[in-house]
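Text of structure-v7.cif, listed as mmCIF, C-alpha atoms and all ligand atoms:
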data_run
loop_
_atom_site.group_PDB
_atom_site.id
_atom_site.type_symbol
_atom_site.label_atom_id
_atom_site.label_comp_id
_atom_site.auth_asym_id
_atom_site.auth_seq_id
_atom_site.Cartn_x
_atom_site.Cartn_y
_atom_site.Cartn_z
ATOM 1 C CA MET A 1 48.200 -99.661 66.558
ATOM 2 C CA ASN A 2 49.067 -96.103 67.617
ATOM 3 C CA LYS A 3 52.207 -95.754 69.680
ATOM 4 C CA ILE A 4 53.463 -93.953 72.714
ATOM 5 C CA ILE A 5 57.139 -93.414 71.971
ATOM 6 C CA VAL A 6 59.001 -93.007 75.231
ATOM 7 C CA LEU A 7 62.384 -91.287 74.921
ATOM 8 C CA ILE A 8 64.618 -92.197 77.856
ATOM 9 C CA GLY A 9 68.020 -90.677 78.434
ATOM 10 C CA ALA A 10 69.980 -88.720 80.991
ATOM 11 C CA PRO A 11 69.639 -84.926 81.078
ATOM 12 C CA GLY A 12 71.283 -83.600 77.927
ATOM 13 C CA ALA A 13 71.153 -86.916 76.050
ATOM 14 C CA GLY A 14 69.146 -85.262 73.265
ATOM 15 C CA LYS A 15 65.553 -86.294 74.049
ATOM 16 C CA GLY A 16 64.164 -82.826 73.308
ATOM 17 C CA THR A 17 66.243 -82.430 70.149
ATOM 18 C CA GLN A 18 65.001 -85.725 68.703
ATOM 19 C CA ALA A 19 61.399 -85.283 69.858
ATOM 20 C CA ARG A 20 61.246 -81.901 68.147
ATOM 21 C CA LEU A 21 62.498 -83.439 64.894
ATOM 22 C CA LEU A 22 59.858 -86.184 65.058
ATOM 23 C CA GLU A 23 57.200 -83.544 65.514
ATOM 24 C CA GLU A 24 58.489 -81.263 62.732
ATOM 25 C CA ARG A 25 59.147 -83.974 60.164
ATOM 26 C CA ARG A 26 56.663 -86.725 60.999
ATOM 27 C CA GLY A 27 53.932 -84.729 62.712
ATOM 28 C CA ILE A 28 54.162 -86.890 65.850
ATOM 29 C CA PRO A 29 53.407 -84.534 68.755
ATOM 30 C CA GLN A 30 56.163 -83.974 71.330
ATOM 31 C CA ILE A 31 54.890 -84.051 74.889
ATOM 32 C CA SER A 32 57.593 -82.893 77.290
ATOM 33 C CA THR A 33 56.883 -82.881 81.024
ATOM 34 C CA GLY A 34 59.870 -80.561 81.539
ATOM 35 C CA ASP A 35 58.445 -78.024 79.046
ATOM 36 C CA MET A 36 54.995 -78.231 80.612
ATOM 37 C CA PHE A 37 56.455 -77.605 84.070
ATOM 38 C CA ARG A 38 58.537 -74.678 82.741
ATOM 39 C CA GLU A 39 55.358 -73.157 81.251
ATOM 40 C CA MET A 40 53.899 -73.057 84.786
ATOM 41 C CA LYS A 41 56.509 -70.378 85.578
ATOM 42 C CA THR A 42 54.016 -67.669 84.662
ATOM 43 C CA LEU A 43 51.369 -68.928 87.118
ATOM 44 C CA ASP A 44 51.122 -67.391 90.549
ATOM 45 C CA THR A 45 49.933 -70.455 92.519
ATOM 46 C CA PRO A 46 51.559 -72.393 95.393
ATOM 47 C CA LEU A 47 51.852 -75.493 93.193
ATOM 48 C CA ALA A 48 53.524 -73.577 90.343
ATOM 49 C CA LYS A 49 55.999 -72.051 92.820
ATOM 50 C CA GLU A 50 56.768 -75.445 94.346
ATOM 51 C CA VAL A 51 57.352 -76.956 90.883
ATOM 52 C CA GLN A 52 59.804 -74.171 89.907
ATOM 53 C CA HIS A 53 61.688 -74.649 93.160
ATOM 54 C CA ILE A 54 61.979 -78.440 92.671
ATOM 55 C CA MET A 55 63.111 -78.047 89.057
ATOM 56 C CA ALA A 56 65.784 -75.497 89.890
ATOM 57 C CA SER A 57 67.240 -77.944 92.433
ATOM 58 C CA GLY A 58 67.333 -80.805 89.917
ATOM 59 C CA MET A 59 65.000 -83.068 91.912
ATOM 60 C CA LEU A 60 61.826 -84.695 90.553
ATOM 61 C CA VAL A 61 58.296 -83.310 90.807
ATOM 62 C CA SER A 62 55.930 -85.753 92.584
ATOM 63 C CA ASP A 63 54.584 -88.714 90.630
ATOM 64 C CA ASP A 64 50.965 -87.708 91.176
ATOM 65 C CA VAL A 65 51.338 -84.114 89.994
ATOM 66 C CA THR A 66 53.309 -85.333 86.975
ATOM 67 C CA PHE A 67 50.780 -88.004 86.094
ATOM 68 C CA ARG A 68 47.912 -85.505 86.261
ATOM 69 C CA ILE A 69 49.502 -83.211 83.675
ATOM 70 C CA VAL A 70 50.431 -86.143 81.406
ATOM 71 C CA GLN A 71 46.945 -87.603 81.605
ATOM 72 C CA GLU A 72 45.333 -84.252 80.817
ATOM 73 C CA ARG A 73 47.723 -83.354 77.971
ATOM 74 C CA THR A 74 47.667 -86.767 76.240
ATOM 75 C CA ALA A 75 43.870 -87.031 76.373
ATOM 76 C CA ARG A 76 43.559 -84.843 73.270
ATOM 77 C CA GLU A 77 45.937 -86.982 71.161
ATOM 78 C CA LYS A 78 44.062 -89.482 69.040
ATOM 79 C CA GLY A 79 47.174 -90.832 67.256
ATOM 80 C CA SER A 80 50.753 -91.652 68.244
ATOM 81 C CA TYR A 81 52.770 -89.256 70.385
ATOM 82 C CA VAL A 82 56.255 -88.894 71.847
ATOM 83 C CA LEU A 83 56.858 -88.621 75.576
ATOM 84 C CA ASP A 84 60.024 -86.649 76.266
ATOM 85 C CA GLY A 85 61.060 -87.004 79.913
ATOM 86 C CA TYR A 86 58.256 -89.281 81.093
ATOM 87 C CA PRO A 87 58.232 -91.770 82.816
ATOM 88 C CA ARG A 88 61.154 -91.211 85.205
ATOM 89 C CA THR A 89 60.254 -93.470 88.136
ATOM 90 C CA ALA A 90 58.865 -96.991 88.584
ATOM 91 C CA VAL A 91 55.548 -95.509 89.782
ATOM 92 C CA GLN A 92 55.314 -93.322 86.647
ATOM 93 C CA ALA A 93 56.086 -96.332 84.433
ATOM 94 C CA SER A 94 53.255 -98.255 86.006
ATOM 95 C CA GLN A 95 50.859 -95.275 85.704
ATOM 96 C CA LEU A 96 51.798 -95.051 82.027
ATOM 97 C CA GLU A 97 51.004 -98.747 81.446
ATOM 98 C CA ALA A 98 47.467 -98.133 82.704
ATOM 99 C CA LEU A 99 47.122 -94.967 80.604
ATOM 100 C CA ALA A 100 48.356 -96.726 77.436
ATOM 101 C CA LYS A 101 45.824 -99.495 77.974
ATOM 102 C CA GLU A 102 43.028 -96.976 78.462
ATOM 103 C CA GLN A 103 44.071 -95.097 75.279
ATOM 104 C CA GLY A 104 44.549 -98.347 73.276
ATOM 105 C CA LYS A 105 48.177 -97.557 72.430
ATOM 106 C CA GLU A 106 51.388 -99.556 72.588
ATOM 107 C CA ILE A 107 54.494 -98.325 74.366
ATOM 108 C CA ARG A 108 57.842 -98.317 72.566
ATOM 109 C CA ALA A 109 60.866 -97.147 74.574
ATOM 110 C CA ILE A 110 64.009 -95.680 73.026
ATOM 111 C CA GLU A 111 67.127 -95.130 75.082
ATOM 112 C CA ILE A 112 69.468 -92.362 73.944
ATOM 113 C CA ASP A 113 72.768 -93.341 75.482
ATOM 114 C CA VAL A 114 75.459 -90.701 76.158
ATOM 115 C CA PRO A 115 78.329 -90.933 78.702
ATOM 116 C CA ARG A 116 78.125 -88.670 81.724
ATOM 117 C CA ASP A 117 81.178 -86.466 80.985
ATOM 118 C CA GLU A 118 79.795 -85.466 77.588
ATOM 119 C CA LEU A 119 76.505 -84.440 79.220
ATOM 120 C CA PHE A 120 78.034 -81.695 81.355
ATOM 121 C CA LYS A 121 79.256 -79.879 78.263
ATOM 122 C CA ARG A 122 75.959 -80.281 76.457
ATOM 123 C CA LEU A 123 73.939 -78.895 79.356
ATOM 124 C CA THR A 124 76.109 -75.984 80.362
ATOM 125 C CA GLY A 125 76.444 -74.999 76.672
ATOM 126 C CA ARG A 126 72.749 -75.321 75.837
ATOM 127 C CA ARG A 127 70.753 -72.237 74.772
ATOM 128 C CA SER A 128 67.176 -72.061 73.472
ATOM 129 C CA CYS A 129 64.999 -69.593 71.616
ATOM 130 C CA PRO A 130 62.228 -68.154 73.842
ATOM 131 C CA VAL A 131 59.998 -67.736 70.761
ATOM 132 C CA CYS A 132 60.229 -71.051 68.859
ATOM 133 C CA GLY A 133 62.108 -73.300 71.318
ATOM 134 C CA GLU A 134 64.898 -74.058 68.818
ATOM 135 C CA LEU A 135 67.875 -75.606 70.642
ATOM 136 C CA TYR A 136 71.480 -74.496 70.227
ATOM 137 C CA ASN A 137 74.740 -75.330 71.911
ATOM 138 C CA ILE A 138 77.569 -72.841 72.166
ATOM 139 C CA TYR A 139 80.088 -75.685 71.671
ATOM 140 C CA SER A 140 78.480 -78.032 69.137
ATOM 141 C CA ARG A 141 75.601 -76.132 67.483
ATOM 142 C CA PRO A 142 76.121 -72.384 67.834
ATOM 143 C CA PRO A 143 73.632 -69.915 66.341
ATOM 144 C CA LYS A 144 74.825 -67.968 63.281
ATOM 145 C CA ASN A 145 74.980 -64.783 65.372
ATOM 146 C CA ASP A 146 76.096 -64.872 68.986
ATOM 147 C CA GLY A 147 73.279 -65.146 71.517
ATOM 148 C CA VAL A 148 70.320 -64.804 69.101
ATOM 149 C CA CYS A 149 68.072 -67.303 67.321
ATOM 150 C CA ASP A 150 68.714 -67.925 63.597
ATOM 151 C CA LEU A 151 64.981 -67.817 62.930
ATOM 152 C CA HIS A 152 64.095 -64.966 65.303
ATOM 153 C CA PRO A 153 66.925 -62.407 65.208
ATOM 154 C CA ASP A 154 65.149 -60.232 67.809
ATOM 155 C CA ALA A 155 65.024 -63.052 70.352
ATOM 156 C CA LYS A 156 67.875 -63.281 72.845
ATOM 157 C CA LEU A 157 68.626 -66.954 73.589
ATOM 158 C CA ASP A 158 67.710 -68.357 77.035
ATOM 159 C CA HIS A 159 70.013 -70.263 79.386
ATOM 160 C CA ARG A 160 67.943 -72.635 81.565
ATOM 161 C CA ALA A 161 67.996 -72.027 85.346
ATOM 162 C CA ASP A 162 68.813 -75.701 86.035
ATOM 163 C CA ASP A 163 71.723 -75.851 83.561
ATOM 164 C CA ASN A 164 74.276 -74.846 86.198
ATOM 165 C CA GLU A 165 76.929 -77.198 87.541
ATOM 166 C CA GLU A 166 75.257 -77.998 90.873
ATOM 167 C CA SER A 167 71.777 -78.749 89.476
ATOM 168 C CA VAL A 168 73.264 -80.725 86.596
ATOM 169 C CA LYS A 169 75.045 -83.003 89.075
ATOM 170 C CA THR A 170 71.802 -83.566 91.029
ATOM 171 C CA ARG A 171 69.865 -84.220 87.796
ATOM 172 C CA LEU A 172 72.403 -86.783 86.617
ATOM 173 C CA ASP A 173 72.402 -88.540 90.018
ATOM 174 C CA THR A 174 68.592 -88.504 90.086
ATOM 175 C CA TYR A 175 68.539 -90.060 86.615
ATOM 176 C CA GLU A 176 70.900 -92.878 87.677
ATOM 177 C CA ALA A 177 68.924 -93.615 90.841
ATOM 178 C CA ASN A 178 65.327 -93.334 89.571
ATOM 179 C CA THR A 179 65.138 -93.507 85.796
ATOM 180 C CA ALA A 180 67.977 -95.736 84.555
ATOM 181 C CA PRO A 181 66.396 -98.795 86.274
ATOM 182 C CA LEU A 182 63.393 -98.413 83.923
ATOM 183 C CA LEU A 183 65.623 -99.446 81.019
ATOM 184 C CA LYS A 184 65.773 -103.007 82.404
ATOM 185 C CA TYR A 185 62.004 -103.043 82.747
ATOM 186 C CA TYR A 186 61.411 -102.067 79.102
ATOM 187 C CA GLU A 187 64.186 -104.365 77.914
ATOM 188 C CA GLY A 188 62.712 -107.275 79.896
ATOM 189 C CA THR A 189 59.339 -106.732 78.223
ATOM 190 C CA GLY A 190 60.918 -106.599 74.730
ATOM 191 C CA ARG A 191 60.060 -102.928 74.094
ATOM 192 C CA LEU A 192 63.440 -101.203 74.295
ATOM 193 C CA GLN A 193 65.631 -99.947 71.488
ATOM 194 C CA LYS A 194 68.997 -98.514 72.398
ATOM 195 C CA VAL A 195 70.631 -95.818 70.266
ATOM 196 C CA ASP A 196 74.112 -94.378 70.543
ATOM 197 C CA GLY A 197 73.502 -90.710 71.361
ATOM 198 C CA THR A 198 77.099 -89.571 70.855
ATOM 199 C CA ARG A 199 76.763 -89.389 67.058
ATOM 200 C CA GLU A 200 75.521 -86.564 64.819
ATOM 201 C CA ILE A 201 71.939 -85.441 65.482
ATOM 202 C CA GLU A 202 70.833 -86.512 61.970
ATOM 203 C CA GLN A 203 72.313 -90.023 62.307
ATOM 204 C CA ILE A 204 70.516 -90.551 65.600
ATOM 205 C CA TYR A 205 67.298 -89.200 64.112
ATOM 206 C CA LYS A 206 67.380 -91.696 61.220
ATOM 207 C CA GLU A 207 67.540 -94.593 63.654
ATOM 208 C CA ILE A 208 64.808 -93.217 65.896
ATOM 209 C CA GLU A 209 62.555 -92.366 62.951
ATOM 210 C CA GLY A 210 62.711 -96.015 61.887
ATOM 211 C CA SER A 211 61.210 -97.121 65.208
ATOM 212 C CA ALA A 212 58.595 -94.406 65.194
ATOM 213 C CA ALA A 213 57.158 -95.593 61.863
HETATM 214 P P1 LIG A 301 63.512 -81.843 81.404
HETATM 215 O O1 LIG A 301 63.187 -80.555 80.804
HETATM 216 O O2 LIG A 301 62.898 -83.076 80.864
HETATM 217 O O3 LIG A 301 65.096 -81.958 81.453
HETATM 218 P P2 LIG A 301 66.115 -83.207 81.387
HETATM 219 O O4 LIG A 301 65.567 -84.571 81.468
HETATM 220 O O5 LIG A 301 67.096 -82.835 82.414
HETATM 221 O O6 LIG A 301 66.549 -83.218 79.965
HETATM 222 P P3 LIG A 301 67.088 -82.023 79.161
HETATM 223 O O7 LIG A 301 65.940 -81.209 78.591
HETATM 224 O O8 LIG A 301 68.070 -81.252 79.994
HETATM 225 O O9 LIG A 301 67.923 -82.738 78.046
HETATM 226 P P4 LIG A 301 67.507 -83.459 76.695
HETATM 227 O O10 LIG A 301 67.790 -84.911 76.805
HETATM 228 O O11 LIG A 301 66.123 -83.070 76.264
HETATM 229 O O12 LIG A 301 68.595 -82.830 75.757
HETATM 230 P P5 LIG A 301 68.469 -81.693 74.624
HETATM 231 O O13 LIG A 301 67.826 -82.264 73.408
HETATM 232 O O14 LIG A 301 67.898 -80.440 75.183
HETATM 233 O O15 LIG A 301 63.180 -81.827 82.977
HETATM 234 C C1 LIG A 301 63.536 -80.724 83.761
HETATM 235 C C2 LIG A 301 63.028 -80.924 85.178
HETATM 236 O O16 LIG A 301 61.585 -81.025 85.184
HETATM 237 C C3 LIG A 301 63.505 -82.203 85.889
HETATM 238 O O17 LIG A 301 64.798 -82.052 86.455
HETATM 239 C C4 LIG A 301 62.393 -82.363 86.941
HETATM 240 O O18 LIG A 301 62.563 -81.456 88.017
HETATM 241 C C5 LIG A 301 61.138 -81.961 86.164
HETATM 242 N N1 LIG A 301 60.528 -83.113 85.468
HETATM 243 C C6 LIG A 301 60.445 -83.300 84.134
HETATM 244 N N2 LIG A 301 59.835 -84.477 83.849
HETATM 245 C C7 LIG A 301 59.552 -85.050 85.048
HETATM 246 C C8 LIG A 301 58.942 -86.287 85.410
HETATM 247 N N3 LIG A 301 58.539 -87.154 84.489
HETATM 248 N N4 LIG A 301 58.795 -86.561 86.732
HETATM 249 C C9 LIG A 301 59.193 -85.681 87.677
HETATM 250 N N5 LIG A 301 59.794 -84.501 87.401
HETATM 251 C C10 LIG A 301 59.966 -84.190 86.082
HETATM 252 O O19 LIG A 301 70.029 -81.486 74.274
HETATM 253 C C11 LIG A 301 70.912 -80.923 75.232
HETATM 254 C C12 LIG A 301 72.000 -80.108 74.487
HETATM 255 O O20 LIG A 301 72.822 -81.011 73.733
HETATM 256 C C13 LIG A 301 71.447 -79.079 73.489
HETATM 257 O O21 LIG A 301 72.266 -77.950 73.521
HETATM 258 C C14 LIG A 301 71.533 -79.788 72.131
HETATM 259 O O22 LIG A 301 71.705 -78.877 71.059
HETATM 260 C C15 LIG A 301 72.781 -80.674 72.327
HETATM 261 N N6 LIG A 301 72.701 -81.941 71.581
HETATM 262 C C16 LIG A 301 71.606 -82.742 71.419
HETATM 263 N N7 LIG A 301 71.919 -83.830 70.682
HETATM 264 C C17 LIG A 301 73.250 -83.745 70.396
HETATM 265 C C18 LIG A 301 74.185 -84.563 69.678
HETATM 266 N N8 LIG A 301 73.797 -85.719 69.110
HETATM 267 N N9 LIG A 301 75.468 -84.165 69.607
HETATM 268 C C19 LIG A 301 75.879 -82.990 70.194
HETATM 269 N N10 LIG A 301 75.053 -82.153 70.873
HETATM 270 C C20 LIG A 301 73.745 -82.520 70.974
#

Take the structure in the file and write it out as structure tokens.
Amino acid sequence: MNKIIVLIGAPGAGKGTQARLLEERRGIPQISTGDMFREMKTLDTPLAKEVQHIMASGMLVSDDVTFRIVQERTAREKGSYVLDGYPRTAVQASQLEALAKEQGKEIRAIEIDVPRDELFKRLTGRRSCPVCGELYNIYSRPPKNDGVCDLHPDAKLDHRADDNEESVKTRLDTYEANTAPLLKYYEGTGRLQKVDGTREIEQIYKEIEGSAA
């Protein structure tokens, strides 16, 4: 049966990093609600403006708006796919159950576990390429040349608007309050695998790839 692989982890745990590897190496599409919301930045509509404002503060976009974009985006995937950053609330988890049933897919949740103090460093040090989305970190995974992508030397790396100290604190608190409780739900239904996210990216990937097979 095709799978919906749900990556759960606090901001900075490495969900995007691992989802991108699954897409590149296994061809399993990465569907990131955060990326889809960031893409709305270019739209000049009240909803797009509201979404950018919520994201910058570190709070969550409403369950209904989020579900609509997930439903629309996943509709074109006939095989397995990875959800990076969805679900994040009990309501979203229940909406996803219904969607999985409708699409005839099984949900497999993977928790990437990283302690809170490590996450601050990862988020404030994160940079990304505006052309290909490649992720760097000025502390743990710097680009070969300062401030530019290894693959696109003309592209100056981006620093996300919500990767500042105040928003990071709100995002981590929001994760603890709304998303961490979902881990018990997936564990209780026998669908959770926990991985230690403090190791090397490749070691974590090997473990996650095993579950995605
Ligand atoms: P989103 O974009 O999903 O952000 P997030 O959950 O805060 O997660 P991040 O992207 O910050 O971290 P990540 O776990 O992907 O880590 P990464 O791989 O980049 O959401 C942004 C906002 O959108 C939310 O705050 C909310 O407003 C809204 N939103 C999104 N989804 C929503 C939903 N479902 N409902 C409502 N609102 C929603 O890695 C981080 C850094 O660490 C990188 O620099 C990387 O190189 C480095 N790194 C990764 N792995 C390792 C490792 N093993 N060792 C050392 N460094 C590592």

* To do: Could you pull out the residues sitting within 7 Å of ligand LIG 301 (chain A), using only C-alpha atoms and all ligand atoms, and write them as a PyMOL selection string?
  => chain A and resi 9-18+32-35+37+54-55+58-63+66+84-88+122-123+125-127+135-137+140-141+171+197-201+204

* Residues near Leu192 in chain A, cut-off 8 Å, only C-alpha atoms, skip fewer than 4 positions along chain, as a list in words ->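 Contacts, in chain order: Arg108, Ala109, Ile110, Glu111, Leu183, Tyr186 and Glu187 of chain A.
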
* Asked: Nearest to Asn2 in chain A among A:Arg116, A:Lys105, A:Lys184, A:His152, with distances taken over all atoms listed in the file: which residue is it?
  ->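 Ranking A:Arg116, A:Lys105, A:Lys184, A:His152 by distance to Asn2 in chain A, first place goes to A:Lys105.
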
* Asked: So, counting only C-alpha atoms, which residue among A:Val82, A:Ser57, A:Ser211, A:Lys121 is closest to Glu166 in chain A?
  -> A:Ser57

* Between CA of Ile107 in chain A and CA of Val6 in chain A, what is the distance, to one decimal in Å? ->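 Straight-line distance from CA of Ile107 in chain A to CA of Val6 in chain A works out to 7.0 Å.
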
* Give me the result of the PyMOL selection byres (((chain A and resi 151) around 9) and not hetatm) on this file, residue by residue, as a list in words. =>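 On this input, the PyMOL selection byres (((chain A and resi 151) around 9) and not hetatm) captures Cys129, Cys132, Glu134, Val148, Cys149, Asp150, His152, Pro153 and Ala155 of chain A.
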
* To do: Tell me, in Å to one decimal, how far CA of Thr124 in chain A is from CA of Ala177 in chain A.
  =>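 Spanning CA of Thr124 in chain A to CA of Ala177 in chain A is a straight-line distance of 21.7 Å.
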
* Asked: Do you have the CA of Asn145 in chain A-CA of Asp163 in chain A distance handy?
  ->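 Between CA of Asn145 in chain A and CA of Asp163 in chain A the gap is 21.5 Å.
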
* Nearest candidate to Glu207 in chain A (options A:Val195, A:Leu157, A:Ala180, A:Ile28; using all atoms listed in the file) ->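 Smallest separation from Glu207 in chain A among the options: A:Val195.
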
Given 3 Å of margin on each side, can you work out the centre and size in Å (one decimal) of an axis-aligned box holding every listed atom of range 90-93 of chain A, as lines of an AutoDock Vina configuration file?
center_x = 57.1
center_y = -95.2
center_z = 87.1
size_x = 9.6
size_y = 9.7
size_z = 11.3

* Asked: Which polymer residues have any atom within 8 Å of an atom of range 68-71 of chain A, counting all atoms listed in the file, with same-chain residues fewer than 4 positions away left out, as an MDAnalysis selection string?
  -> chainID A and resid 33 64 75 99

Could you write out that same residue set with C-alpha atoms as a CSV table (one decimal), in the coordinates of the input?
chain,number,residue,atom,x,y,z
A,33,THR,CA,56.9,-82.9,81.0
A,64,ASP,CA,51.0,-87.7,91.2
A,75,ALA,CA,43.9,-87.0,76.4
A,99,LEU,CA,47.1,-95.0,80.6

Which residues of range 157-199 of chain A come within 8 Å of range 90-96 of chain A, and what is each one's closest atom pair and distance in Å (one decimal), counting all atoms listed in the file, sorted by chain and residue number, as a tab-separated table?
residue	atom	partner	partner_atom	distance
A:Asn178	CA	A:Ala90	CA	7.5
A:Thr179	CA	A:Ala90	CA	7.7
A:Leu182	CA	A:Ala90	CA	6.7

* Asked: For Ala161 in chain A, which of A:Leu119, A:Ala56, A:Val51, A:Ile112 is the closest residue, counting all atoms listed in the file?
  ->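 Among the listed residues, A:Ala56 lies closest to Ala161 in chain A.
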
* Minimum-distance residue to Tyr185 in chain A, chosen among A:Glu23, A:Glu97, A:Asp173, A:Glu102 (using all atoms listed in the file) ->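 Residue with the minimum atom-to-atom distance to Tyr185 in chain A: A:Glu97.
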
* Asked: Given the choices A:Lys78, A:Phe67, A:Ala19, A:Phe120, which gets closest to Thr170 in chain A if the distance is worked out from only C-alpha atoms?
  ->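 Result for the nearest residue to Thr170 in chain A: A:Phe120.
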
Saved range 135-142 of chain A from the preceding structure, all heavy atoms, as a compact mmCIF listing (two decimals), in the first residue's frame:
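Result file out.txt:
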# COMPACT_ATOMS: atom_id res chain seq x y z
N LEU A 135 19.87 23.40 1.84
CA LEU A 135 19.99 23.93 3.19
C LEU A 135 21.42 23.89 3.69
O LEU A 135 22.12 22.90 3.50
CB LEU A 135 19.13 23.11 4.17
CG LEU A 135 17.61 23.25 4.04
CD1 LEU A 135 16.91 22.23 4.92
CD2 LEU A 135 17.18 24.66 4.40
N TYR A 136 21.82 24.97 4.33
CA TYR A 136 23.16 25.05 4.94
C TYR A 136 22.99 25.48 6.39
O TYR A 136 21.92 25.89 6.83
CB TYR A 136 24.01 26.10 4.21
CG TYR A 136 24.26 25.77 2.76
CD1 TYR A 136 23.40 26.24 1.76
CD2 TYR A 136 25.32 24.96 2.38
CE1 TYR A 136 23.61 25.91 0.43
CE2 TYR A 136 25.54 24.63 1.04
CZ TYR A 136 24.67 25.11 0.08
OH TYR A 136 24.89 24.77 -1.24
N ASN A 137 24.10 25.37 7.12
CA ASN A 137 24.11 25.93 8.47
C ASN A 137 25.49 26.51 8.73
O ASN A 137 26.50 25.81 8.52
CB ASN A 137 23.77 24.83 9.50
CG ASN A 137 23.46 25.44 10.84
OD1 ASN A 137 24.36 25.89 11.55
ND2 ASN A 137 22.19 25.50 11.18
N ILE A 138 25.52 27.77 9.15
CA ILE A 138 26.83 28.41 9.28
C ILE A 138 27.70 27.73 10.33
O ILE A 138 28.91 27.84 10.30
CB ILE A 138 26.72 29.93 9.55
CG1 ILE A 138 25.87 30.21 10.78
CG2 ILE A 138 26.16 30.67 8.35
CD1 ILE A 138 25.97 31.67 11.26
N TYR A 139 27.09 26.98 11.26
CA TYR A 139 27.87 26.28 12.28
C TYR A 139 28.22 24.85 11.88
O TYR A 139 29.36 24.42 12.00
CB TYR A 139 27.10 26.21 13.60
CG TYR A 139 26.66 27.56 14.10
CD1 TYR A 139 25.31 27.92 14.09
CD2 TYR A 139 27.59 28.51 14.56
CE1 TYR A 139 24.90 29.16 14.53
CE2 TYR A 139 27.18 29.75 14.99
CZ TYR A 139 25.83 30.08 14.97
OH TYR A 139 25.43 31.32 15.40
N SER A 140 27.20 24.09 11.37
CA SER A 140 27.45 22.66 11.15
C SER A 140 27.58 22.25 9.69
O SER A 140 28.11 21.19 9.39
CB SER A 140 26.31 21.85 11.78
OG SER A 140 25.08 22.25 11.19
N ARG A 141 27.08 23.07 8.76
CA ARG A 141 27.14 22.69 7.34
C ARG A 141 27.31 23.93 6.48
O ARG A 141 26.42 24.31 5.72
CB ARG A 141 25.83 21.95 6.98
CG ARG A 141 25.87 21.21 5.67
CD ARG A 141 24.62 20.38 5.45
NE ARG A 141 24.75 19.65 4.20
CZ ARG A 141 24.27 20.09 3.02
NH1 ARG A 141 23.61 21.22 2.95
NH2 ARG A 141 24.45 19.37 1.93
N PRO A 142 28.46 24.61 6.64
CA PRO A 142 28.65 25.87 5.92
C PRO A 142 28.84 25.64 4.42
O PRO A 142 29.33 24.58 4.01
CB PRO A 142 29.93 26.44 6.54
CG PRO A 142 30.63 25.29 7.14
CD PRO A 142 29.63 24.22 7.45
